[in-house]
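What follows is one structure encoded as structure tokens, with my remarks underneath.
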Amino acid sequence: MAEQKIQSAFTKVHQLRPLAGGLLLTVKVISSKTIMPRGRADGNQGRQMRLAECLVGDETGMIIFTARNDQVDLMKEGTTCILRYAKIDMFKGSMRLSVDRSGRVEITEQADFSVKEDNNLSLIEFERVDVVV
């Protein structure tokens with residue numbers, strides 16, 4: 001597995017590329033929608049998992065952030081967050097931002113930027129092309 005380059009400076013949304021990792025971003029939450037509360041049918045909370053799709057962005061663009069478990073509670077509309085060690089996952093040919101166990105989502109002071117809503121990177125479809133040399 002290739003080593004992920006760790007970013008020491010903040011990345012802007014418009015700079016995100018497929019399969020990037022080790023990202024550091026400050027974003028505002030535009031919307032949050034729970035998409036999959038999963039748990040055992042018998043009510044046992046031992047392996048319950050929650051997922052939410054959150055539209056987040058900065059002054060350069062927007063992207064869908066997939067929040068998992070405790071992250072769902074942090075990603076409330078209007079909140080400003082710092083995403084540490086974030087990565088780009090591909091879902092049906094589109095980019096999705098996420099933070100796994102090695103990263104962190106932190107609530108921070110309200111940012112003074114307005115989100116650029118006409119540049120949604122999750123609407124861009126990518127196609128994998130294998131090059132044979």
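Order determines the names: the first chain of the structure tokens is A, the second B, and so forth; residues in each chain are numbered 1 upward, and ligands are numbered 1 upward as they are shown.
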Residue neighbourhood stretch 70-84 of chain A, 10 Å, only C-alpha atoms, exclusion window fewer than 2 positions, as an NGL selection string: :A and (6-8 or 10 or 22-34 or 49-58 or 65-68 or 86-87 or 97-100 or 102-112)
A:Ala20 environment, 6 Å, only C-alpha atoms, sequence neighbours closer than 2 positions dropped, as a VMD selection string: chain A and resid 17 to 18 87 to 88
Restricting it to N, CA, C and O atoms, dump the selection as a JSON list (two decimals), in the first residue's frame.
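part.json, freshly written:
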[["chain", "number", "residue", "atom", "x", "y", "z"],
["A", 17, "ARG", "N", -8.51, 16.04, -4.64],
["A", 17, "ARG", "CA", -8.38, 15.15, -5.79],
["A", 17, "ARG", "C", -8.72, 13.73, -5.35],
["A", 17, "ARG", "O", -8.56, 13.38, -4.17],
["A", 18, "PRO", "N", -9.14, 12.88, -6.29],
["A", 18, "PRO", "CA", -9.47, 11.49, -5.93],
["A", 18, "PRO", "C", -8.33, 10.79, -5.20],
["A", 18, "PRO", "O", -7.16, 10.94, -5.56],
["A", 87, "LYS", "N", -9.60, 12.12, 4.24],
["A", 87, "LYS", "CA", -9.22, 11.46, 2.99],
["A", 87, "LYS", "C", -10.38, 11.51, 2.02],
["A", 87, "LYS", "O", -11.52, 11.78, 2.40],
["A", 88, "ILE", "N", -10.06, 11.28, 0.76],
["A", 88, "ILE", "CA", -11.07, 11.24, -0.28],
["A", 88, "ILE", "C", -11.33, 9.78, -0.65],
["A", 88, "ILE", "O", -10.41, 9.05, -1.00]]
Surrounding residues of A:Leu123 excluding itself and chain neighbours under 4 positions, 10 Å, only C-alpha atoms, as a ChimeraX atom specification: /A:62-64,93-95,119
Writer output for current selection, N, CA, C and O atoms, as an mmCIF file, in the first residue's frame:
data_model
loop_
_atom_site.group_PDB
_atom_site.id
_atom_site.type_symbol
_atom_site.label_atom_id
_atom_site.label_comp_id
_atom_site.auth_asym_id
_atom_site.auth_seq_id
_atom_site.Cartn_x
_atom_site.Cartn_y
_atom_site.Cartn_z
ATOM 1 N N MET A 62 -17.683 23.046 -2.420
ATOM 2 C CA MET A 62 -18.375 22.150 -1.493
ATOM 3 C C MET A 62 -18.074 20.703 -1.874
ATOM 4 O O MET A 62 -17.705 20.413 -3.007
ATOM 5 N N ILE A 63 -18.314 19.795 -0.904
ATOM 6 C CA ILE A 63 -18.160 18.361 -1.138
ATOM 7 C C ILE A 63 -18.998 17.623 -0.095
ATOM 8 O O ILE A 63 -19.275 18.172 0.980
ATOM 9 N N ILE A 64 -19.397 16.410 -0.409
ATOM 10 C CA ILE A 64 -20.121 15.587 0.561
ATOM 11 C C ILE A 64 -19.129 14.940 1.517
ATOM 12 O O ILE A 64 -18.141 14.351 1.092
ATOM 13 N N GLY A 93 -18.049 6.673 -8.610
ATOM 14 C CA GLY A 93 -17.354 7.599 -9.493
ATOM 15 C C GLY A 93 -17.258 9.021 -9.004
ATOM 16 O O GLY A 93 -16.706 9.886 -9.685
ATOM 17 N N SER A 94 -17.764 9.322 -7.801
ATOM 18 C CA SER A 94 -17.728 10.677 -7.256
ATOM 19 C C SER A 94 -16.909 10.723 -5.974
ATOM 20 O O SER A 94 -16.820 9.737 -5.250
ATOM 21 N N MET A 95 -16.332 11.890 -5.709
ATOM 22 C CA MET A 95 -15.516 12.051 -4.506
ATOM 23 C C MET A 95 -16.393 12.263 -3.279
ATOM 24 O O MET A 95 -17.403 12.956 -3.336
ATOM 25 N N ASN A 119 -19.835 25.340 -6.707
ATOM 26 C CA ASN A 119 -18.720 24.459 -7.065
ATOM 27 C C ASN A 119 -18.767 23.208 -6.183
ATOM 28 O O ASN A 119 -18.008 23.078 -5.233
#
All helix (DSSP H, G or I) positions in stretch 6-99 of chain A, as a PyMOL selection string: chain A and resi 13-15+70-74
Distance of atom CA of A:Met36 from atom CA of A:Leu19, expressed in Å to one decimal place: 23.5 Å
Residue list (strand (DSSP E), DSSP) for chain A, as a PyMOL selection string: chain A and resi 23-38+49-58+61-68+80-91+94-98+104-107
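Separating atom CA of A:Asp118 from atom CA of A:Tyr85 is a distance of 25.8 Å.
Between atom CA of A:Arg96 and atom CA of A:Lys116 the interatomic distance comes to 17.3 Å.
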